[in-house]
file final_36.pdb (PDB, C-alpha atoms)
ATOM      1  CA  MET T  24       3.335 -25.574   7.797
ATOM      2  CA  LEU T  25       6.203 -25.123  10.259
ATOM      3  CA  SER T  26       6.170 -21.678  11.823
ATOM      4  CA  ARG T  27       9.797 -21.001  10.892
ATOM      5  CA  THR T  28       9.048 -21.789   7.236
ATOM      6  CA  ALA T  29       6.079 -19.405   7.271
ATOM      7  CA  ASP T  30       8.288 -16.789   8.933
ATOM      8  CA  HIS T  31      10.959 -17.007   6.211
ATOM      9  CA  LEU T  32       8.368 -16.773   3.422
ATOM     10  CA  PHE T  33       6.597 -13.839   5.074
ATOM     11  CA  TRP T  34       9.819 -11.863   5.518
ATOM     12  CA  MET T  35      11.240 -12.791   2.131
ATOM     13  CA  ALA T  36       8.215 -11.114   0.535
ATOM     14  CA  ARG T  37       8.309  -8.121   2.898
ATOM     15  CA  TYR T  38      11.968  -7.406   2.201
ATOM     16  CA  MET T  39      11.535  -7.635  -1.567
ATOM     17  CA  GLU T  40       8.555  -5.259  -1.387
ATOM     18  CA  ARG T  41      10.531  -2.906   0.894
ATOM     19  CA  ALA T  42      13.410  -2.781  -1.593
ATOM     20  CA  GLU T  43      10.991  -1.820  -4.375
ATOM     21  CA  ASN T  44       9.241   0.804  -2.258
ATOM     22  CA  THR T  45      12.584   2.373  -1.318
ATOM     23  CA  ALA T  46      13.628   2.443  -4.974
ATOM     24  CA  ARG T  47      10.322   4.086  -5.926
ATOM     25  CA  LEU T  48      10.696   6.862  -3.373
ATOM     26  CA  LEU T  49      14.347   7.460  -4.246
ATOM     27  CA  ASP T  50      13.595   7.547  -7.977
ATOM     28  CA  VAL T  51      10.798  10.113  -7.669
ATOM     29  CA  ASN T  52      12.812  12.252  -5.263
ATOM     30  CA  TYR T  53      15.834  12.118  -7.568
ATOM     31  CA  GLN T  54      13.769  13.098 -10.621
ATOM     32  CA  THR T  55      12.076  15.912  -8.657
ATOM     33  CA  SER T  56      15.446  17.209  -7.449
ATOM     34  CA  LEU T  57      16.417  17.878 -11.084
ATOM     35  CA  LEU T  58      13.585  20.415 -11.451
ATOM     36  CA  PRO T  59      14.232  24.137 -10.832
ATOM     37  CA  GLN T  60      13.651  24.719  -7.096
ATOM     38  CA  SER T  61      15.194  26.342  -4.059
ATOM     39  CA  GLN T  62      17.894  24.565  -2.074
ATOM     40  CA  GLU T  63      15.564  24.465   0.921
ATOM     41  CA  ALA T  64      12.864  22.683  -1.094
ATOM     42  CA  ALA T  65      15.386  20.127  -2.333
ATOM     43  CA  GLN T  66      16.668  19.536   1.212
ATOM     44  CA  ASN T  67      13.131  19.067   2.504
ATOM     45  CA  GLY T  68      12.520  16.418  -0.149
ATOM     46  CA  TRP T  69      15.469  14.308   0.973
ATOM     47  CA  LYS T  70      14.633  14.924   4.630
ATOM     48  CA  GLY T  71      11.096  13.688   4.013
ATOM     49  CA  LEU T  72      12.393  10.540   2.364
ATOM     50  CA  LEU T  73      14.424   9.689   5.464
ATOM     51  CA  SER T  74      11.405  10.442   7.653
ATOM     52  CA  ILE T  75       9.254   7.921   5.779
ATOM     53  CA  SER T  76      11.671   5.148   6.776
ATOM     54  CA  GLU T  77      12.305   6.635  10.236
ATOM     55  CA  LEU T  78      16.022   6.816   9.470
ATOM     56  CA  THR T  79      16.720  10.525   9.958
ATOM     57  CA  SER T  80      18.659  10.112  13.221
ATOM     58  CA  ASP T  81      20.676   7.153  11.878
ATOM     59  CA  TYR T  82      21.609   9.116   8.783
ATOM     60  CA  LEU T  83      22.630  12.235  10.715
ATOM     61  CA  LYS T  84      24.806  10.204  13.074
ATOM     62  CA  LYS T  85      26.718   8.826  10.115
ATOM     63  CA  HIS T  86      26.786  11.728   7.652
ATOM     64  CA  GLY T  87      25.781  14.832   9.592
ATOM     65  CA  GLU T  88      25.139  17.050   6.603
ATOM     66  CA  LEU T  89      22.162  16.350   4.348
ATOM     67  CA  SER T  90      23.013  15.873   0.675
ATOM     68  CA  ALA T  91      21.352  14.050  -2.200
ATOM     69  CA  ARG T  92      24.387  11.870  -2.915
ATOM     70  CA  ASN T  93      24.817  10.815   0.715
ATOM     71  CA  VAL T  94      21.110  10.036   1.147
ATOM     72  CA  MET T  95      21.076   7.886  -1.998
ATOM     73  CA  THR T  96      24.195   6.015  -0.916
ATOM     74  CA  PHE T  97      22.779   5.535   2.578
ATOM     75  CA  MET T  98      19.443   4.232   1.274
ATOM     76  CA  VAL T  99      20.847   2.078  -1.533
ATOM     77  CA  SER T 100      24.184   0.535  -0.661
ATOM     78  CA  ASP T 101      25.030   1.238   2.991
ATOM     79  CA  PRO T 102      25.578  -2.115   4.765
ATOM     80  CA  GLY T 103      25.074  -0.340   8.101
ATOM     81  CA  ASN T 104      21.524   0.726   7.225
ATOM     82  CA  PRO T 105      19.183  -2.247   7.838
ATOM     83  CA  SER T 106      16.595  -0.734   5.480
ATOM     84  CA  SER T 107      18.967  -0.060   2.573
ATOM     85  CA  ILE T 108      18.122  -1.762  -0.721
ATOM     86  CA  LEU T 109      21.341  -3.765  -0.366
ATOM     87  CA  ASN T 110      20.293  -5.200   2.987
ATOM     88  CA  CYS T 111      16.688  -5.750   1.908
ATOM     89  CA  LEU T 112      17.751  -7.807  -1.123
ATOM     90  CA  ARG T 113      20.267  -9.697   1.001
ATOM     91  CA  ALA T 114      17.609 -10.490   3.606
ATOM     92  CA  ALA T 115      15.120 -11.563   0.919
ATOM     93  CA  ARG T 116      17.702 -13.916  -0.556
ATOM     94  CA  GLU T 117      18.737 -15.374   2.809
ATOM     95  CA  ASN T 118      15.124 -16.017   3.770
ATOM     96  CA  ALA T 119      14.505 -17.648   0.392
ATOM     97  CA  ARG T 120      17.577 -19.870   0.783
ATOM     98  CA  ALA T 121      16.365 -21.017   4.220
ATOM     99  CA  VAL T 122      13.137 -22.361   2.671
ATOM    100  CA  ARG T 123      14.451 -23.377  -0.748
ATOM    101  CA  GLY T 124      12.282 -26.503  -0.719
ATOM    102  CA  ALA T 125       9.078 -24.481  -0.347
ATOM    103  CA  LEU T 126       9.801 -22.390  -3.456
ATOM    104  CA  THR T 127       9.752 -23.238  -7.146
ATOM    105  CA  THR T 128      13.075 -23.206  -8.970
ATOM    106  CA  GLU T 129      12.012 -20.060 -10.827
ATOM    107  CA  VAL T 130      11.244 -18.118  -7.637
ATOM    108  CA  TRP T 131      14.526 -19.113  -6.007
ATOM    109  CA  GLU T 132      16.625 -18.354  -9.091
ATOM    110  CA  THR T 133      14.960 -14.962  -9.559
ATOM    111  CA  THR T 134      15.586 -13.974  -5.925
ATOM    112  CA  ASN T 135      19.162 -15.282  -5.932
ATOM    113  CA  GLN T 136      20.023 -13.675  -9.268
ATOM    114  CA  THR T 137      18.575 -10.341  -8.115
ATOM    115  CA  TRP T 138      20.993 -10.322  -5.165
ATOM    116  CA  LEU T 139      24.003 -11.332  -7.275
ATOM    117  CA  GLU T 140      23.208  -8.884 -10.071
ATOM    118  CA  PHE T 141      22.627  -6.010  -7.656
ATOM    119  CA  ASN T 142      26.129  -6.431  -6.276
ATOM    120  CA  ARG T 143      27.479  -6.328  -9.822
ATOM    121  CA  VAL T 144      25.466  -3.159 -10.539
ATOM    122  CA  LEU T 145      26.980  -1.455  -7.478
ATOM    123  CA  LYS T 146      30.537  -2.559  -8.286
ATOM    124  CA  GLU T 147      30.238  -1.178 -11.802
ATOM    125  CA  GLY T 148      29.418   2.247 -10.357
ATOM    126  CA  MET T 149      25.957   2.565 -11.896
ATOM    127  CA  LEU T 150      24.620   4.364  -8.813
ATOM    128  CA  GLU T 151      27.159   7.155  -9.313
ATOM    129  CA  ARG T 152      26.664   7.335 -13.102
ATOM    130  CA  ASP T 153      22.889   7.010 -13.357
ATOM    131  CA  PRO T 154      20.897   6.595 -10.129
ATOM    132  CA  GLY T 155      17.618   6.505 -12.037
ATOM    133  CA  GLU T 156      18.719   3.399 -13.930
ATOM    134  CA  VAL T 157      19.492   1.607 -10.646
ATOM    135  CA  PHE T 158      16.075   2.434  -9.225
ATOM    136  CA  GLU T 159      14.307   1.243 -12.388
ATOM    137  CA  TRP T 160      16.322  -1.990 -12.251
ATOM    138  CA  VAL T 161      15.275  -2.671  -8.645
ATOM    139  CA  LYS T 162      11.619  -2.033  -9.473
ATOM    140  CA  PHE T 163      11.821  -4.331 -12.491
ATOM    141  CA  ARG T 164      13.393  -7.151 -10.447
ATOM    142  CA  SER T 165      10.675  -6.824  -7.813
ATOM    143  CA  HIS T 166       7.975  -6.972 -10.502
ATOM    144  CA  LEU T 167       9.708 -10.019 -11.960
ATOM    145  CA  SER T 168       9.860 -11.732  -8.580
ATOM    146  CA  ARG T 169       6.172 -11.121  -7.926
ATOM    147  CA  GLY T 170       5.207 -12.270 -11.427
ATOM    148  CA  VAL T 171       7.229 -15.457 -11.158
ATOM    149  CA  THR T 172       5.625 -16.181  -7.787
ATOM    150  CA  LEU T 173       2.123 -15.731  -9.233
ATOM    151  CA  GLY T 174       2.972 -17.739 -12.349
ATOM    152  CA  THR T 175       4.763 -20.739 -10.848
ATOM    153  CA  MET T 176       3.882 -21.191  -7.160
ATOM    154  CA  LEU T 177       1.190 -23.590  -6.018
ATOM    155  CA  GLN T 178      -1.403 -21.443  -4.270
ATOM    156  CA  ASP T 179      -0.991 -23.167  -0.923
ATOM    157  CA  GLU T 180       0.047 -21.852   2.488
ATOM    158  CA  ALA T 181       3.529 -20.921   1.243
ATOM    159  CA  PHE T 182       1.991 -18.701  -1.425
ATOM    160  CA  HIS T 183      -0.462 -17.101   1.011
ATOM    161  CA  PHE T 184       2.230 -16.162   3.554
ATOM    162  CA  GLN T 185       4.221 -14.456   0.805
ATOM    163  CA  ARG T 186       1.158 -12.470  -0.239
ATOM    164  CA  ILE T 187       0.425 -11.449   3.349
ATOM    165  CA  GLY T 188       3.997 -10.174   3.729
ATOM    166  CA  THR T 189       3.885  -8.279   0.426
ATOM    167  CA  PHE T 190       0.655  -6.403   1.075
ATOM    168  CA  LEU T 191       1.250  -5.705   4.752
ATOM    169  CA  GLU T 192       4.544  -4.062   3.788
ATOM    170  CA  ARG T 193       2.921  -2.169   0.915
ATOM    171  CA  ALA T 194       0.120  -0.817   3.123
ATOM    172  CA  ASP T 195       2.654   0.384   5.681
ATOM    173  CA  ASN T 196       4.752   2.123   3.038
ATOM    174  CA  THR T 197       1.827   3.810   1.279
ATOM    175  CA  ALA T 198       0.521   5.180   4.582
ATOM    176  CA  ARG T 199       3.966   6.473   5.619
ATOM    177  CA  MET T 200       4.547   8.095   2.251
ATOM    178  CA  LEU T 201       1.148   9.824   2.289
ATOM    179  CA  ASP T 202       1.652  11.083   5.834
ATOM    180  CA  VAL T 203       5.072  12.579   5.131
ATOM    181  CA  LYS T 204       4.114  14.072   1.751
ATOM    182  CA  PHE T 205       1.011  15.796   3.130
ATOM    183  CA  HIS T 206       3.031  17.103   6.065
ATOM    184  CA  ALA T 207       5.529  18.497   3.562
ATOM    185  CA  ARG T 208       2.861  20.980   2.521
ATOM    186  CA  ASN T 209       3.034  22.469   6.050
ATOM    187  CA  THR T 210      -0.603  21.719   6.805
ATOM    188  CA  GLU T 211      -2.540  19.229   8.866
ATOM    189  CA  PHE T 212      -4.919  19.209   5.885
ATOM    190  CA  PHE T 213      -8.418  19.120   7.294
ATOM    191  CA  GLY T 214     -10.023  18.931   3.870
ATOM    192  CA  SER T 215     -10.849  21.396   1.145
ATOM    193  CA  GLY T 216     -13.105  23.729   3.086
ATOM    194  CA  ALA T 217     -12.389  27.265   4.199
ATOM    195  CA  GLY T 218      -8.732  28.094   4.103
ATOM    196  CA  ASN T 219      -7.938  25.597   1.344
ATOM    197  CA  GLU T 220     -10.224  26.898  -1.417
ATOM    198  CA  GLY T 221      -8.453  29.024  -3.933
ATOM    199  CA  LYS T 222      -5.014  27.712  -3.075
ATOM    200  CA  GLU T 223      -3.022  26.765  -6.117
ATOM    201  CA  VAL T 224      -2.151  23.085  -6.062
ATOM    202  CA  ASP T 225       1.545  22.351  -6.366
ATOM    203  CA  PHE T 226       1.392  20.190  -9.491
ATOM    204  CA  TYR T 227       4.913  18.844  -9.220
ATOM    205  CA  HIS T 228       4.535  17.860  -5.575
ATOM    206  CA  TRP T 229       1.317  15.891  -6.023
ATOM    207  CA  SER T 230       2.331  14.370  -9.348
ATOM    208  CA  ALA T 231       5.513  13.150  -7.627
ATOM    209  CA  VAL T 232       3.403  11.548  -4.896
ATOM    210  CA  LEU T 233       1.350   9.770  -7.563
ATOM    211  CA  ARG T 234       4.371   8.705  -9.593
ATOM    212  CA  SER T 235       5.981   7.177  -6.501
ATOM    213  CA  VAL T 236       3.208   4.573  -6.497
ATOM    214  CA  SER T 237       2.725   4.384 -10.298
ATOM    215  CA  ALA T 238      -0.611   6.162  -9.988
ATOM    216  CA  PHE T 239      -0.200   9.248 -12.197
ATOM    217  CA  GLU T 240      -1.948   7.728 -15.247
ATOM    218  CA  VAL T 241      -4.458   5.997 -12.973
ATOM    219  CA  TYR T 242      -5.400   9.345 -11.416
ATOM    220  CA  ARG T 243      -6.040  10.846 -14.858
ATOM    221  CA  LYS T 244      -8.273   7.909 -15.821
ATOM    222  CA  VAL T 245     -10.267   7.982 -12.581
ATOM    223  CA  TYR T 246     -10.705  11.729 -11.988
ATOM    224  CA  ARG T 247     -10.021  13.350 -15.382
ATOM    225  CA  ASN T 248      -9.217  16.738 -13.858
ATOM    226  CA  VAL T 249      -6.409  18.698 -12.207
ATOM    227  CA  ILE T 250      -4.487  16.998  -9.426
ATOM    228  CA  ARG T 251      -6.029  17.925  -6.092
ATOM    229  CA  PRO T 252      -4.637  16.748  -2.746
ATOM    230  CA  GLU T 253      -7.944  15.408  -1.417
ATOM    231  CA  LYS T 254      -8.362  13.304  -4.581
ATOM    232  CA  VAL T 255      -4.804  11.997  -4.253
ATOM    233  CA  ALA T 256      -5.607  10.948  -0.693
ATOM    234  CA  GLU T 257      -8.865   9.306  -1.772
ATOM    235  CA  LEU T 258      -7.164   7.357  -4.570
ATOM    236  CA  LEU T 259      -4.379   6.029  -2.347
ATOM    237  CA  ILE T 260      -6.573   5.268   0.662
ATOM    238  CA  LEU T 261     -10.088   4.300  -0.442
ATOM    239  CA  ARG T 262     -10.071   3.235  -4.119
ATOM    240  CA  ALA T 263     -10.197  -0.567  -4.162
ATOM    241  CA  GLU T 264      -9.218  -0.738  -7.854
ATOM    242  CA  MET T 265      -5.872   0.986  -7.183
ATOM    243  CA  PRO T 266      -3.308  -1.795  -6.470
ATOM    244  CA  ARG T 267      -1.270   0.250  -3.998
ATOM    245  CA  SER T 268      -4.150   1.803  -2.093
ATOM    246  CA  LEU T 269      -4.645   0.986   1.572
ATOM    247  CA  VAL T 270      -8.006  -0.683   0.987
ATOM    248  CA  TYR T 271      -6.638  -2.888  -1.822
ATOM    249  CA  CYS T 272      -3.732  -3.987   0.367
ATOM    250  CA  MET T 273      -6.057  -4.842   3.250
ATOM    251  CA  ASP T 274      -8.348  -6.783   0.889
ATOM    252  CA  GLU T 275      -5.360  -8.965  -0.013
ATOM    253  CA  VAL T 276      -4.195  -9.341   3.585
ATOM    254  CA  VAL T 277      -7.636 -10.441   4.787
ATOM    255  CA  SER T 278      -8.287 -12.905   1.934
ATOM    256  CA  ASN T 279      -4.885 -14.547   2.382
ATOM    257  CA  LEU T 280      -5.186 -14.561   6.181
ATOM    258  CA  ARG T 281      -8.514 -16.318   5.836
ATOM    259  CA  ALA T 282      -6.877 -18.977   3.656
ATOM    260  CA  VAL T 283      -4.302 -19.857   6.358
ATOM    261  CA  ALA T 284      -6.511 -19.300   9.421
ATOM    262  CA  ASN T 285      -5.955 -21.625  12.385
ATOM    263  CA  ASP T 286      -7.408 -22.116  15.858
ATOM    264  CA  HIS T 287      -5.349 -19.238  17.276
ATOM    265  CA  SER T 288      -5.872 -16.590  14.595
ATOM    266  CA  HIS T 289      -9.519 -15.595  15.114
ATOM    267  CA  GLU T 290      -8.684 -12.317  16.851
ATOM    268  CA  THR T 291      -6.040 -11.339  14.280
ATOM    269  CA  LEU T 292      -8.452 -12.078  11.428
ATOM    270  CA  ARG T 293     -11.160 -10.055  13.188
ATOM    271  CA  ARG T 294      -8.856  -7.044  13.545
ATOM    272  CA  ALA T 295      -7.750  -7.287   9.925
ATOM    273  CA  GLY T 296     -11.373  -7.525   8.792
ATOM    274  CA  ARG T 297     -12.365  -4.543  10.887
ATOM    275  CA  LEU T 298      -9.532  -2.449   9.465
ATOM    276  CA  ARG T 299     -10.565  -3.431   5.946
ATOM    277  CA  ALA T 300     -14.222  -2.606   6.701
ATOM    278  CA  ASP T 301     -13.255   0.845   8.009
ATOM    279  CA  LEU T 302     -11.520   1.481   4.685
ATOM    280  CA  GLN T 303     -14.259  -0.050   2.524
ATOM    281  CA  PHE T 304     -16.989   2.079   4.077
ATOM    282  CA  GLY T 305     -14.891   5.170   4.771
ATOM    283  CA  ARG T 306     -15.340   8.522   3.045
ATOM    284  CA  ILE T 307     -12.538  10.914   2.276
ATOM    285  CA  ASP T 308     -14.426  13.965   3.602
ATOM    286  CA  GLU T 309     -14.843  12.241   6.981
ATOM    287  CA  ILE T 310     -11.163  11.284   7.077
ATOM    288  CA  LEU T 311     -10.021  14.805   6.218
ATOM    289  CA  ALA T 312     -12.456  16.375   8.669
ATOM    290  CA  THR T 313     -10.633  14.685  11.573
ATOM    291  CA  GLY T 314      -7.165  15.247  10.105
ATOM    292  CA  LEU T 315      -5.243  13.031   7.711
ATOM    293  CA  HIS T 316      -2.161  12.813   9.935
ATOM    294  CA  ALA T 317      -4.186  11.470  12.859
ATOM    295  CA  TYR T 318      -5.939   8.969  10.593
ATOM    296  CA  LEU T 319      -2.732   7.651   9.030
ATOM    297  CA  THR T 320      -0.943   7.469  12.391
ATOM    298  CA  GLN T 321      -3.774   5.333  13.729
ATOM    299  CA  PHE T 322      -3.698   3.189  10.579
ATOM    300  CA  LEU T 323       0.041   2.559  10.981
ATOM    301  CA  ASP T 324      -0.476   1.588  14.620
ATOM    302  CA  ARG T 325      -3.178  -0.878  13.597
ATOM    303  CA  VAL T 326      -1.013  -2.349  10.827
ATOM    304  CA  SER T 327       1.866  -2.746  13.293
ATOM    305  CA  ASP T 328      -0.497  -4.457  15.738
ATOM    306  CA  LEU T 329      -1.712  -6.698  12.917
ATOM    307  CA  GLY T 330       1.862  -7.648  12.047
ATOM    308  CA  TYR T 331       2.469  -8.595  15.672
ATOM    309  CA  GLY T 332      -0.715 -10.696  15.697
ATOM    310  CA  ILE T 333       0.323 -12.541  12.537
ATOM    311  CA  SER T 334       3.753 -13.179  14.033
ATOM    312  CA  ARG T 335       2.217 -14.463  17.269
ATOM    313  CA  ASP T 336      -0.371 -16.700  15.573
ATOM    314  CA  PHE T 337       1.682 -18.156  12.735
ATOM    315  CA  LEU T 338       5.376 -17.305  12.791
ATOM    316  CA  MET T 339       6.636 -17.832  16.328
ATOM    317  CA  PRO T 340       7.577 -21.428  17.215
ATOM    318  CA  ALA T 341       5.119 -22.885  19.699
TER     319      ALA T 341
END
call {"tool": "encode", "arguments": {"input": "final_36.pdb", "output": "structure tokens"}}
result
Amino acid sequence: MLSRTADHLFWMARYMERAENTARLLDVNYQTSLLPQSQEAAQNGWKGLLSISELTSDYLKKHGELSARNVMTFMVSDPGNPSSILNCLRAARENARAVRGALTTEVWETTNQTWLEFNRVLKEGMLERDPGEVFEWVKFRSHLSRGVTLGTMLQDEAFHFQRIGTFLERADNTARMLDVKFHARNTEFFGSGAGNEGKEVDFYHWSAVLRSVSAFEVYRKVYRNVIRPEKVAELLILRAEMPRSLVYCMDEVVSNLRAVANDHSHETLRRAGRLRADLQFGRIDEILATGLHAYLTQFLDRVSDLGYGISRDFLMPA
């Protein structure tokens, strides 16, 4: 496969996944903001959302004052924000159009219609009337896109590069979200030993974290007890049956990387396999003993390095 074709497919999938992840975070933060809470707590929620995407400075340059309405507009429909849902869906559509011949008609039409319909949704003022409905719509269109890809695409190199892009982006987002949400509790969180025992768990905070990755019901099925931060971390980092956990994402990245491996990709595949092995054989008490923030920061660095390796081995023209 031509490297530029692989590049378009990889980024088409990443941008669609990024749009969904942004919608998930916005939706949960919006729903949480409707609960009784102090103004400071509400402000911290929106500040944390910007931190996850590393957009705090860009937002402050444009809007100065932090407000829920401005953050939602900035993250959804601002053409000047490269990570806004608007720009993510535009980029996904443009990448899909560049490789129209590598996609099935259903995949192309779904991606193209998502872009066209999203513009209609914004023009009709749905974001102002009911932000939650906009976020649910974006999530649904992303699910539809992924389902159509699984249901109609030949599972060849084109399919594998889309899967690599999807799960690399998902791993990055899950790690960022976990890091910011644990930091929001004003603790490095070194586990549940002395100093953490007896503390009342903030139910709404941790349930919001779980809902942002559709894991609230999953948590109840797996653990069957009250929501505890160390169990939330374990579910979203080490549980291979959880489709948005870090280990699940790395399983998908490695299996799809192996399917497209070439003479230049041995080192990238080795690094991906090592990262997956660290997750597969990791234990949450060991992770928390060294500090969750340090662990997730290192994970994000390794994912970034992996993305560069994939770009170097497959996506850059020789």
call {"tool": "residues_around", "arguments": {"input": "final_36.pdb", "residues": "region 116-124 of chain T", "least_positions_apart": "2", "cutoff": "10 Å", "atoms": "all atoms listed in the file", "output": "ChimeraX atom specification"}}
result
/T:27-36,38-39,110-114,126-128,130-139,181
call {"tool": "closest_residue", "arguments": {"input": "final_36.pdb", "among": "T:Ala312, T:Val99, T:Ile333, T:Ala231", "to": "Ala284 (chain T)", "atoms": "all atoms listed in the file"}}
result
T:Ile333
call {"tool": "atom_distance", "arguments": {"input": "final_36.pdb", "atom1": "CA of Leu315 (chain T)", "atom2": "CA of Arg267 (chain T)"}}
result
17.8 Å
call {"tool": "residues_near_point", "arguments": {"input": "final_36.pdb", "point": "(13.7, 1.6, -5.7)", "cutoff": "9 Å", "atoms": "only C-alpha atoms", "output": "PyMOL selection string"}}
result
chain T and resi 41-50+99+108+155+157-162
call {"tool": "write_last_selection", "arguments": {"input": "final_36.pdb", "atoms": "C-alpha atoms", "output": "PDB file, in the frame of the given file"}}
result
ATOM      1  CA  ARG T  41      10.531  -2.906   0.894  1.00  0.00           C
ATOM      2  CA  ALA T  42      13.410  -2.781  -1.593  1.00  0.00           C
ATOM      3  CA  GLU T  43      10.991  -1.820  -4.375  1.00  0.00           C
ATOM      4  CA  ASN T  44       9.241   0.804  -2.258  1.00  0.00           C
ATOM      5  CA  THR T  45      12.584   2.373  -1.318  1.00  0.00           C
ATOM      6  CA  ALA T  46      13.628   2.443  -4.974  1.00  0.00           C
ATOM      7  CA  ARG T  47      10.322   4.086  -5.926  1.00  0.00           C
ATOM      8  CA  LEU T  48      10.696   6.862  -3.373  1.00  0.00           C
ATOM      9  CA  LEU T  49      14.347   7.460  -4.246  1.00  0.00           C
ATOM     10  CA  ASP T  50      13.595   7.547  -7.977  1.00  0.00           C
ATOM     11  CA  VAL T  99      20.847   2.078  -1.533  1.00  0.00           C
ATOM     12  CA  ILE T 108      18.122  -1.762  -0.721  1.00  0.00           C
ATOM     13  CA  GLY T 155      17.618   6.505 -12.037  1.00  0.00           C
ATOM     14  CA  VAL T 157      19.492   1.607 -10.646  1.00  0.00           C
ATOM     15  CA  PHE T 158      16.075   2.434  -9.225  1.00  0.00           C
ATOM     16  CA  GLU T 159      14.307   1.243 -12.388  1.00  0.00           C
ATOM     17  CA  TRP T 160      16.322  -1.990 -12.251  1.00  0.00           C
ATOM     18  CA  VAL T 161      15.275  -2.671  -8.645  1.00  0.00           C
ATOM     19  CA  LYS T 162      11.619  -2.033  -9.473  1.00  0.00           C
TER      20      LYS T 162
END
call {"tool": "closest_residue", "arguments": {"input": "final_36.pdb", "among": "T:His316, T:Gln54, T:Arg297, T:Phe304", "to": "Phe205 (chain T)", "atoms": "all atoms listed in the file"}}
result
T:His316
call {"tool": "axis_aligned_box", "arguments": {"input": "final_36.pdb", "around": "region 242-248 of chain T", "padding_each_side": "6 Å", "output": "lines of an AutoDock Vina configuration file"}}
result
center_x = -8.1
center_y = 12.3
center_z = -13.6
size_x = 17.3
size_y = 20.8
size_z = 16.4
call {"tool": "residues_near_point", "arguments": {"input": "final_36.pdb", "point": "(-10.7, 0.3, 8.6)", "cutoff": "12 Å", "atoms": "only C-alpha atoms", "output": "ChimeraX atom specification"}}
result
/T:260-261,269-274,277,293-306,310,318-319,321-326
call {"tool": "closest_residue", "arguments": {"input": "final_36.pdb", "among": "T:Ile250, T:Val51, T:Leu150, T:Ala125", "to": "Thr175 (chain T)", "atoms": "only C-alpha atoms"}}
result
T:Ala125
call {"tool": "atom_distance", "arguments": {"input": "final_36.pdb", "atom1": "CA of Glu156 (chain T)", "atom2": "CA of Arg193 (chain T)"}}
result
22.4 Å
